[in-house]
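Source file: model38.txt; contents: compact mmCIF, C-alpha atoms and all ligand atoms.
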```txt
# COMPACT_ATOMS: atom_id res chain seq x y z
CA MET A 295 167.28 104.43 157.40
CA PRO A 296 170.79 104.80 155.94
CA LYS A 297 172.24 108.23 156.83
CA GLY A 298 174.67 110.26 154.81
CA LEU A 299 174.40 108.59 151.41
CA ARG A 300 176.02 110.39 148.48
CA ILE A 301 173.84 110.21 145.38
CA ALA A 302 175.00 111.15 141.88
CA ILE A 303 172.43 112.08 139.23
CA ASN A 304 172.80 112.60 135.48
CA THR A 305 170.44 113.30 132.59
CA GLY A 306 171.20 111.70 129.22
CA GLY A 307 169.86 111.58 125.66
CA GLY A 308 167.50 114.16 124.18
CA ASP A 309 166.04 116.48 126.81
CA ALA A 310 162.39 116.14 127.80
CA PRO A 311 160.16 118.53 129.75
CA GLY A 312 160.17 117.24 133.34
CA LEU A 313 163.91 116.56 133.76
CA ASN A 314 164.28 119.46 136.19
CA ALA A 315 161.29 118.21 138.17
CA VAL A 316 163.07 114.85 138.63
CA ILE A 317 166.21 116.68 139.78
CA GLU A 318 164.19 118.75 142.24
CA ALA A 319 162.36 115.74 143.69
CA VAL A 320 165.56 113.67 143.97
CA THR A 321 167.37 116.51 145.72
CA MET A 322 164.54 117.33 148.14
CA SER A 323 163.74 113.69 148.96
CA ALA A 324 167.42 113.00 149.62
CA TYR A 325 167.79 116.19 151.68
CA HIS A 326 164.92 115.15 153.94
CA ARG A 327 166.77 111.90 154.63
CA GLY A 328 170.04 113.66 155.39
CA TRP A 329 171.62 112.47 152.13
CA GLU A 330 173.66 114.51 149.66
CA VAL A 331 173.01 114.79 145.91
CA PHE A 332 175.61 115.63 143.27
CA GLY A 333 174.72 116.72 139.75
CA ILE A 334 176.81 115.17 136.98
CA LYS A 335 177.05 117.37 133.88
CA ASN A 336 176.22 116.24 130.34
CA GLY A 337 175.25 112.63 130.77
CA TYR A 338 178.15 110.32 131.52
CA GLN A 339 180.72 112.90 130.34
CA GLY A 340 180.67 114.50 133.80
CA LEU A 341 181.95 111.29 135.33
CA LEU A 342 184.95 111.41 132.98
CA ASP A 343 185.70 115.14 133.43
CA THR A 344 184.65 115.53 137.04
CA ASP A 345 185.51 119.24 137.46
CA GLU A 346 181.97 120.44 136.94
CA ILE A 347 180.19 118.20 139.43
CA VAL A 348 177.81 120.35 141.50
CA ARG A 349 176.38 119.67 144.93
CA LEU A 350 172.62 120.05 144.59
CA THR A 351 171.02 121.77 147.56
CA PRO A 352 167.39 122.79 148.17
CA GLU A 353 168.32 126.40 147.27
CA LYS A 354 169.68 125.25 143.89
CA VAL A 355 166.63 123.22 142.90
CA ARG A 356 163.66 124.94 144.48
CA ASN A 357 160.88 125.53 141.91
CA ILE A 358 162.88 124.30 138.93
CA SER A 359 160.14 121.69 138.34
CA SER A 360 158.23 124.19 136.21
CA THR A 361 161.15 124.83 133.86
CA GLY A 362 162.10 123.08 130.62
CA GLY A 363 165.44 121.51 129.68
CA THR A 364 167.84 120.18 132.29
CA ILE A 365 170.06 122.18 134.61
CA LEU A 366 172.62 119.37 134.32
CA GLY A 367 172.93 119.47 130.54
CA THR A 368 172.57 116.37 128.40
CA THR A 369 173.93 114.71 125.29
CA ASN A 370 173.07 111.87 122.97
CA ARG A 371 176.74 111.33 122.20
CA GLY A 372 179.43 109.95 124.46
CA ASN A 373 178.71 106.36 125.44
CA PRO A 374 181.64 105.51 127.80
CA PHE A 375 181.56 101.91 126.51
CA ALA A 376 182.15 103.12 122.93
CA MET A 377 183.65 106.58 123.14
CA PRO A 378 185.13 108.25 120.05
CA VAL A 379 188.58 109.46 121.12
CA LYS A 380 190.93 111.56 118.95
CA LYS A 381 194.26 109.87 118.14
CA VAL A 382 197.47 111.88 117.71
CA ASP A 383 196.97 111.88 113.94
CA GLY A 384 193.53 113.50 114.46
CA GLU A 385 191.62 110.34 113.45
CA LEU A 386 188.84 109.11 115.76
CA GLU A 387 189.03 105.70 117.41
CA ILE A 388 186.34 104.04 119.51
CA LYS A 389 187.48 103.24 123.05
CA ASP A 390 185.89 101.70 126.14
CA VAL A 391 186.49 104.26 128.90
CA SER A 392 183.90 102.85 131.30
CA ASP A 393 186.55 101.88 133.86
CA ARG A 394 187.46 105.55 134.24
CA VAL A 395 183.82 106.34 135.05
CA ILE A 396 183.80 103.63 137.72
CA GLU A 397 187.14 104.81 139.19
CA ASN A 398 185.84 108.40 139.45
CA PHE A 399 182.54 107.23 140.92
CA LYS A 400 184.43 105.34 143.64
CA ARG A 401 186.96 108.12 144.22
CA LEU A 402 184.11 110.58 144.80
CA LYS A 403 182.58 108.09 147.26
CA PHE A 404 179.20 108.01 145.57
CA ASP A 405 176.77 105.35 146.81
CA CYS A 406 174.41 105.30 143.83
CA LEU A 407 173.90 106.81 140.39
CA ILE A 408 170.41 107.91 139.39
CA ALA A 409 170.45 107.80 135.61
CA VAL A 410 167.60 109.74 134.00
CA GLY A 411 167.29 108.80 130.36
CA GLY A 412 165.66 107.01 127.47
CA ASP A 413 166.60 103.61 126.11
CA GLY A 414 170.12 104.67 125.02
CA SER A 415 171.15 106.21 128.36
CA LEU A 416 169.44 103.50 130.40
CA LYS A 417 171.21 100.77 128.38
CA ILE A 418 174.49 102.41 129.39
CA ALA A 419 173.23 102.57 133.00
CA TYR A 420 172.44 98.87 132.85
CA GLU A 421 175.92 98.07 131.52
CA PHE A 422 177.39 99.98 134.47
CA PHE A 423 175.11 98.05 136.83
CA GLN A 424 176.45 94.81 135.33
CA LYS A 425 179.95 96.09 136.07
CA GLY A 426 179.01 96.55 139.73
CA LEU A 427 177.85 100.17 139.88
CA PRO A 428 174.71 100.70 142.03
CA VAL A 429 172.30 102.32 139.58
CA VAL A 430 168.65 103.33 139.66
CA GLY A 431 167.03 104.44 136.39
CA VAL A 432 164.36 107.08 135.77
CA PRO A 433 162.62 106.73 132.39
CA LYS A 434 162.40 109.80 130.18
CA THR A 435 161.46 110.26 126.55
CA ILE A 436 158.98 112.39 124.69
CA ASP A 437 158.59 109.46 122.27
CA ASN A 438 157.04 107.29 125.05
CA ASP A 439 158.69 104.23 123.48
CA LEU A 440 160.42 102.86 126.58
CA GLY A 441 159.21 99.50 127.86
CA GLY A 442 158.40 98.72 131.50
CA THR A 443 156.37 101.87 132.16
CA VAL A 444 152.94 102.86 130.93
CA ILE A 445 154.13 106.39 130.23
CA THR A 446 157.30 108.49 130.36
CA PHE A 447 157.36 112.16 131.30
CA GLY A 448 157.83 114.62 128.45
CA PHE A 449 155.33 112.77 126.29
CA ASP A 450 152.25 114.65 127.49
CA THR A 451 153.96 118.01 126.88
CA ALA A 452 155.03 116.97 123.37
CA VAL A 453 151.52 115.76 122.52
CA SER A 454 149.99 119.02 123.82
CA ILE A 455 152.35 121.13 121.71
CA ALA A 456 151.73 118.99 118.61
CA THR A 457 147.96 119.11 119.13
CA GLU A 458 147.99 122.88 119.40
CA ALA A 459 150.01 123.09 116.18
CA ILE A 460 147.58 120.78 114.36
CA ASP A 461 144.62 122.82 115.63
CA ARG A 462 146.21 125.91 114.13
CA LEU A 463 146.88 124.27 110.76
CA HIS A 464 143.19 123.53 110.08
CA SER A 465 142.17 127.12 109.37
CA THR A 466 145.05 127.90 107.01
CA ALA A 467 144.78 124.55 105.20
CA ARG A 468 140.99 125.03 104.83
CA SER A 469 141.35 128.60 103.56
CA HIS A 470 143.77 127.53 100.80
CA GLU A 471 142.24 124.09 100.16
CA ARG A 472 145.65 122.61 100.79
CA VAL A 473 146.97 119.36 102.16
CA ILE A 474 149.34 120.16 105.00
CA ILE A 475 151.61 117.43 106.29
CA VAL A 476 153.07 118.00 109.75
CA GLU A 477 156.00 115.88 110.87
CA VAL A 478 156.20 115.17 114.60
CA MET A 479 158.82 113.30 116.61
CA GLY A 480 158.62 109.57 117.15
CA ARG A 481 161.46 107.54 115.79
CA ARG A 482 160.24 103.98 116.04
CA ALA A 483 156.93 104.46 117.82
CA GLY A 484 154.05 106.63 116.68
CA TRP A 485 152.62 107.65 120.05
CA ILE A 486 152.99 111.42 119.55
CA ALA A 487 151.54 111.32 116.02
CA LEU A 488 148.68 109.08 117.10
CA ASN A 489 147.63 110.96 120.22
CA SER A 490 148.05 114.45 118.78
CA GLY A 491 146.55 113.43 115.44
CA ILE A 492 143.37 112.10 117.01
CA SER A 493 143.11 114.99 119.46
CA GLY A 494 143.75 117.54 116.71
CA ASN A 495 141.20 116.01 114.27
CA ALA A 496 143.78 115.08 111.64
CA HIS A 497 142.48 113.33 108.55
CA VAL A 498 145.46 111.03 108.11
CA ILE A 499 147.99 109.76 110.67
CA LEU A 500 151.19 108.00 109.61
CA ILE A 501 153.06 105.99 112.23
CA PRO A 502 156.10 103.67 112.07
CA GLU A 503 153.96 100.71 113.15
CA ILE A 504 151.73 100.91 110.02
CA PRO A 505 153.61 101.26 106.69
CA PHE A 506 151.75 103.74 104.50
CA ASN A 507 150.72 103.68 100.88
CA ILE A 508 150.54 107.01 99.05
CA ASP A 509 147.65 105.84 96.84
CA LYS A 510 145.61 105.01 99.94
CA ILE A 511 146.31 108.46 101.38
CA CYS A 512 145.21 110.06 98.08
CA ASP A 513 142.05 107.90 98.01
CA HIS A 514 141.21 109.13 101.49
CA ILE A 515 141.73 112.77 100.51
CA THR A 516 139.48 112.20 97.47
CA SER A 517 136.79 110.70 99.68
CA LEU A 518 137.01 113.77 101.94
CA GLU A 519 136.54 115.98 98.87
CA LEU A 520 133.41 114.03 97.96
CA GLU A 521 132.11 114.89 101.43
CA GLY A 522 132.84 118.55 100.75
CA ILE A 523 136.08 118.73 102.78
CA LYS A 524 138.55 120.26 100.36
CA TYR A 525 141.62 120.29 102.59
CA ALA A 526 143.44 117.73 104.69
CA ILE A 527 145.78 117.55 107.63
CA VAL A 528 148.24 114.67 107.65
CA VAL A 529 150.25 114.02 110.83
CA ALA A 530 153.36 111.94 110.16
CA ALA A 531 155.71 110.52 112.77
CA GLU A 532 159.31 111.17 111.68
CA GLY A 533 159.82 107.41 111.62
CA ALA A 534 156.79 106.64 109.41
CA ILE A 535 157.69 104.17 106.66
CA PRO A 536 156.37 103.97 103.09
CA GLU A 537 155.18 100.46 102.19
CA GLY A 538 158.12 98.41 100.95
CA GLY A 539 160.53 101.22 101.86
CA SER A 540 162.42 102.30 104.92
CA GLU A 541 162.50 105.24 107.33
CA ILE A 542 163.78 108.51 105.89
CA ILE A 543 167.21 109.32 107.31
CA LYS A 544 168.44 112.91 107.36
CA GLU A 545 171.85 112.20 108.83
CA GLY A 546 173.70 109.01 109.75
CA ALA A 547 174.94 108.17 113.26
CA LYS A 548 178.42 109.64 113.52
CA ASP A 549 180.89 111.19 115.96
CA GLY A 550 179.61 109.04 118.80
CA ARG A 551 175.93 109.87 118.23
CA GLN A 552 173.88 106.92 119.41
CA ASP A 553 171.35 106.87 116.56
CA VAL A 554 170.63 108.22 113.10
CA VAL A 555 168.76 111.53 112.68
CA LEU A 556 165.41 110.97 111.00
CA GLY A 557 163.59 113.62 109.00
CA GLY A 558 161.98 114.39 105.69
CA VAL A 559 158.93 112.15 105.64
CA ALA A 560 156.49 115.09 105.60
CA GLU A 561 158.24 116.63 102.62
CA TYR A 562 158.27 113.27 100.84
CA VAL A 563 154.54 112.72 101.40
CA ALA A 564 153.74 116.30 100.36
CA LYS A 565 155.60 115.90 97.05
CA GLU A 566 153.97 112.55 96.31
CA ILE A 567 150.44 113.82 97.01
CA SER A 568 151.01 116.88 94.87
CA LYS A 569 152.41 114.72 92.04
CA LYS A 570 149.53 112.24 92.14
CA MET A 571 146.60 114.57 92.85
CA GLY A 572 147.77 117.94 91.59
CA LYS A 573 146.77 119.33 95.00
CA ASP A 574 148.52 122.26 96.60
CA THR A 575 150.54 120.78 99.47
CA ARG A 576 152.77 122.15 102.22
CA SER A 577 154.91 120.37 104.77
CA LEU A 578 156.40 121.41 108.08
CA VAL A 579 158.51 119.79 110.75
CA LEU A 580 157.60 120.61 114.37
CA GLY A 581 160.97 119.35 115.58
CA HIS A 582 162.40 120.51 118.87
CA LEU A 583 159.43 122.77 119.65
CA GLN A 584 157.97 119.54 121.02
CA ARG A 585 160.77 119.24 123.57
CA GLY A 586 161.19 122.87 124.61
CA GLY A 587 159.59 124.86 127.39
CA SER A 588 157.73 124.03 130.57
CA PRO A 589 156.30 120.59 131.24
CA THR A 590 152.54 120.20 131.45
CA THR A 591 151.10 119.64 134.93
CA PHE A 592 150.84 115.91 134.14
CA ASP A 593 154.53 115.66 133.20
CA ARG A 594 155.61 117.83 136.12
CA LEU A 595 153.77 115.67 138.62
CA LEU A 596 154.90 112.40 137.02
CA ALA A 597 158.52 113.58 137.01
CA LEU A 598 158.29 114.67 140.67
CA ARG A 599 156.79 111.26 141.55
CA PHE A 600 159.56 109.48 139.61
CA GLY A 601 162.29 111.51 141.32
CA ALA A 602 160.94 110.82 144.80
CA ALA A 603 160.43 107.14 143.91
CA ALA A 604 164.06 106.87 142.77
CA ILE A 605 165.20 107.87 146.27
CA ARG A 606 162.82 105.32 147.83
CA ALA A 607 164.23 102.70 145.41
CA ILE A 608 167.73 103.44 146.73
CA GLU A 609 166.44 103.10 150.28
CA ASP A 610 165.03 99.69 149.30
CA LYS A 611 168.34 98.80 147.56
CA LYS A 612 166.55 98.29 144.24
CA PHE A 613 169.73 98.72 142.21
CA GLY A 614 169.52 97.73 138.55
CA HIS A 615 165.86 98.82 138.61
CA MET A 616 164.01 101.68 136.98
CA VAL A 617 161.05 103.54 138.46
CA ALA A 618 157.90 103.12 136.39
CA LEU A 619 154.28 104.18 136.22
CA HIS A 620 151.72 101.42 136.52
CA PRO A 621 148.64 103.43 137.41
CA PRO A 622 147.73 104.19 140.06
CA HIS A 623 151.18 103.29 141.39
CA VAL A 624 154.75 104.31 140.73
CA THR A 625 156.68 101.07 141.12
CA THR A 626 160.05 99.69 140.03
CA VAL A 627 160.93 97.26 137.25
CA LYS A 628 164.23 95.61 136.43
CA LEU A 629 166.19 97.66 133.88
CA GLU A 630 166.86 94.46 131.96
CA GLU A 631 163.12 93.88 131.62
CA ALA A 632 162.31 97.49 130.69
CA LEU A 633 165.01 97.52 128.02
CA SER A 634 164.15 94.13 126.54
CA SER A 635 161.55 95.51 124.12
CA MET A 636 160.52 98.86 122.77
CA LYS A 637 157.00 100.05 123.59
CA ARG A 638 155.33 100.52 120.23
CA VAL A 639 151.72 101.41 119.48
CA PRO A 640 149.65 98.21 119.75
CA LEU A 641 147.69 97.80 116.54
CA ASP A 642 144.84 96.09 118.34
CA GLY A 643 144.61 98.83 121.01
CA ASP A 644 141.53 100.97 121.39
CA THR A 645 143.33 104.18 120.40
CA ILE A 646 143.96 102.87 116.88
CA THR A 647 140.39 101.58 116.75
CA THR A 648 139.10 104.95 117.95
CA ALA A 649 140.98 106.70 115.15
CA ARG A 650 139.54 104.34 112.55
CA ASP A 651 136.04 104.75 114.04
CA LEU A 652 136.46 108.51 113.70
CA GLY A 653 137.25 108.08 110.00
CA ILE A 654 140.97 108.79 110.26
CA SER A 655 143.14 106.97 107.72
CA PHE A 656 146.52 105.42 108.51
CA GLY A 657 147.39 105.26 104.83
CA ASP A 658 146.94 101.47 104.85
O1 LIG B 701 164.32 110.38 121.26
C1 LIG B 701 163.82 111.62 121.45
C2 LIG B 701 163.95 112.46 120.21
O2 LIG B 701 163.29 113.67 120.49
C3 LIG B 701 163.41 111.81 118.94
O3 LIG B 701 162.04 111.87 118.81
C4 LIG B 701 164.15 112.55 117.88
O4 LIG B 701 164.28 111.80 116.72
C5 LIG B 701 165.48 112.78 118.49
O5 LIG B 701 165.29 112.76 119.89
C6 LIG B 701 166.12 114.07 118.05
O6 LIG B 701 167.38 114.17 118.61
P1 LIG B 701 168.29 115.46 118.53
O7 LIG B 701 167.91 116.32 119.70
O8 LIG B 701 169.66 114.96 118.63
O9 LIG B 701 167.99 116.15 117.25
```
Is it possible to give me this structure as structure tokens?
Amino acid sequence: MPKGLRIAINTGGGDAPGLNAVIEAVTMSAYHRGWEVFGIKNGYQGLLDTDEIVRLTPEKVRNISSTGGTILGTTNRGNPFAMPVKKVDGELEIKDVSDRVIENFKRLKFDCLIAVGGDGSLKIAYEFFQKGLPVVGVPKTIDNDLGGTVITFGFDTAVSIATEAIDRLHSTARSHERVIIVEVMGRRAGWIALNSGISGNAHVILIPEIPFNIDKICDHITSLELEGIKYAIVVAAEGAIPEGGSEIIKEGAKDGRQDVVLGGVAEYVAKEISKKMGKDTRSLVLGHLQRGGSPTTFDRLLALRFGAAAIRAIEDKKFGHMVALHPPHVTTVKLEEALSSMKRVPLDGDTITTARDLGISFGD
């Protein structure tokens, strides 16, 4: 067993409940092998400005697995391969500063970087691996859209929070005979909307994988009324797309942000339903409530398993790999493979069929 390895760990992209559990498991598993772990602040930024690197010891991480957020900080800006840098005239220019990251990594005598992130951060990790950096990835995203693993941590917590919110909306929507549209996260995959929508007895679920038609949604609400159900709950993934249209963008990608900000689909659907049916509608966006707070037991355990598996992957020299859940096992897959395609909701899967069997409409 290699003694005395120096492991760096960072967390990148949007936070997800379970990040601290990964950090705890990585630190403890390394400690029990006589290795050292160093926390890199704010994604890859901490390998450019190295002042804030912290040595992670058992005292620093004990019991953080139950807490939300990440003790290392995170960002979805600042890709070292395309970094916006201010010129003397104040204008921004995009520069490749990845060599500086590699120089610092070598100077600090790190043996491996554990990159905990979603597709954006793991793509960067893979680029560093291609440039010779020993990297092991840990998949994280509440959206559950990363390939190569059956599930990512953070997803179960987000679904639980969304389901509780949907449960609560039924009584108020029923009392006012309203249609309430709740927008949940899920940029290009509708996993959160689908799982929380079914679990929360929604009447309509809109996901990016199935373009929706407002008339079909209205027809479904009318058919509910004929059954005596005078209200409706619609769960819409933020990335849901109207037929023939495109996703609703709130803000473009700018200042080094890796992707556009989506938002507004619930409001759009609410206005359209009200216009077409004359029904009283309301919309709400659950937003970052889905990412905040403690992880569920499932996410906590999965994240602890992923963290410990990342250390075993280093022991096995599985660089350029990502840990992954393939029940009942946590295994490793090549980053290249995991990143090659996004994991979207399969339209022929039994979850979609279950929803249809339950009488839930997808607006199609
Ligand atoms: O990718 C995870 C995610 O939570 C998306 O579902 C959402 O669109 C995005 O991050 C929000 O990012 P931000 O925290 O920058 O608003």
Discussion item. Using only C-alpha atoms, can you tell me which of A:Gly484, A:Gly572, A:Ile515, A:Thr590 comes closest to Ile535 of chain A?
Written reply: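 Of all the options, A:Gly484 lies closest to Ile535 of chain A.
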Item to complete: For ligand LIG 701 (chain B), list the contacting residues at 9 Å or closer, counting all atoms listed in the file, as a PyMOL selection string.
Response: chain A and resi 307-310+369-371+412-414+435-439+478-482+531-533+551+553-557+581-582+584-585
Worksheet entry | Nearest-residue call for Leu402 of chain A, choices A:Glu631, A:Asp644, A:Glu609, A:Asp345, using only C-alpha atoms |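 Closest to Leu402 of chain A, using only C-alpha atoms: A:Asp345.
Closest approach to His514 of chain A from the set A:Ile654, A:Val348, A:Val410, A:Ala496 is made by A:Ile654, with distances taken over all atoms listed in the file.
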Need the axis-aligned box for segment 614-625 of chain A with 3 Å each side, so what are the centre and edges in Å to one decimal, as lines of an AutoDock Vina configuration file?
```
center_x = 158.6
center_y = 101.0
center_z = 138.8
size_x = 27.8
size_y = 12.6
size_z = 11.2
```
Discussion item. I'd like the contact shell of Phe592 of chain A - 9 Å cut-off, all atoms listed in the file, skipping same-chain residues fewer than 4 positions apart - returned as a list in words.
Written reply: Phe447, Asp450, Thr451, Leu596 and Ala597 of chain A
Fill in: Between atom CA of Ile542 of chain A and atom CA of Tyr562 of chain A - distance in Å to one decimal
8.9 Å
Fill in: Nearby residues, (155.9, 115.6, 108.8) file frame, 9 Å, only C-alpha atoms, as number ranges by chain
A: 474-479, 500, 528-532, 557-564, 577-580
Practice prompt. Identify the residues within 12 Å of coordinate (178.8, 112.1, 140.1) (same frame as the file), considering only C-alpha atoms, and give the answer as number ranges by chain.
Written response: A: 300-305, 330-350, 366, 395-409, 427, 429
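Nearest to Pro640 of chain A of all the residues A:Glu458, A:Glu503, A:Glu353, A:Glu471 is A:Glu503, based on all atoms listed in the file.
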Item to complete: Quick one: pull the distance between atom CA of Arg472 of chain A and atom CA of Glu541 of chain A, Å, one decimal.
Response: 25.1 Å
Practice prompt. Show which residues sit within 8 Å of Val391 of chain A, as a PyMOL selection string. Count only C-alpha atoms, and ignore same-chain residues fewer than 6 positions away.
Written response: chain A and resi 374-377
Practice prompt. Could you give me, as a ChimeraX atom specification, the residues within 8 Å of Met616 of chain A, counting all atoms listed in the file and dropping anything in the same chain fewer than 6 positions from it?
Written response: /A:430-433,604,626-629,632
Worksheet item: How far is it from atom CA of Ile460 of chain A to atom CA of Leu583 of chain A, in Å with one decimal?
Response: 13.1 Å
Fill in: Counting all atoms listed in the file, the option among A:Gly298, A:Trp485, A:Asp383, A:Arg356 closest to Gly328 of chain A
A:Gly298
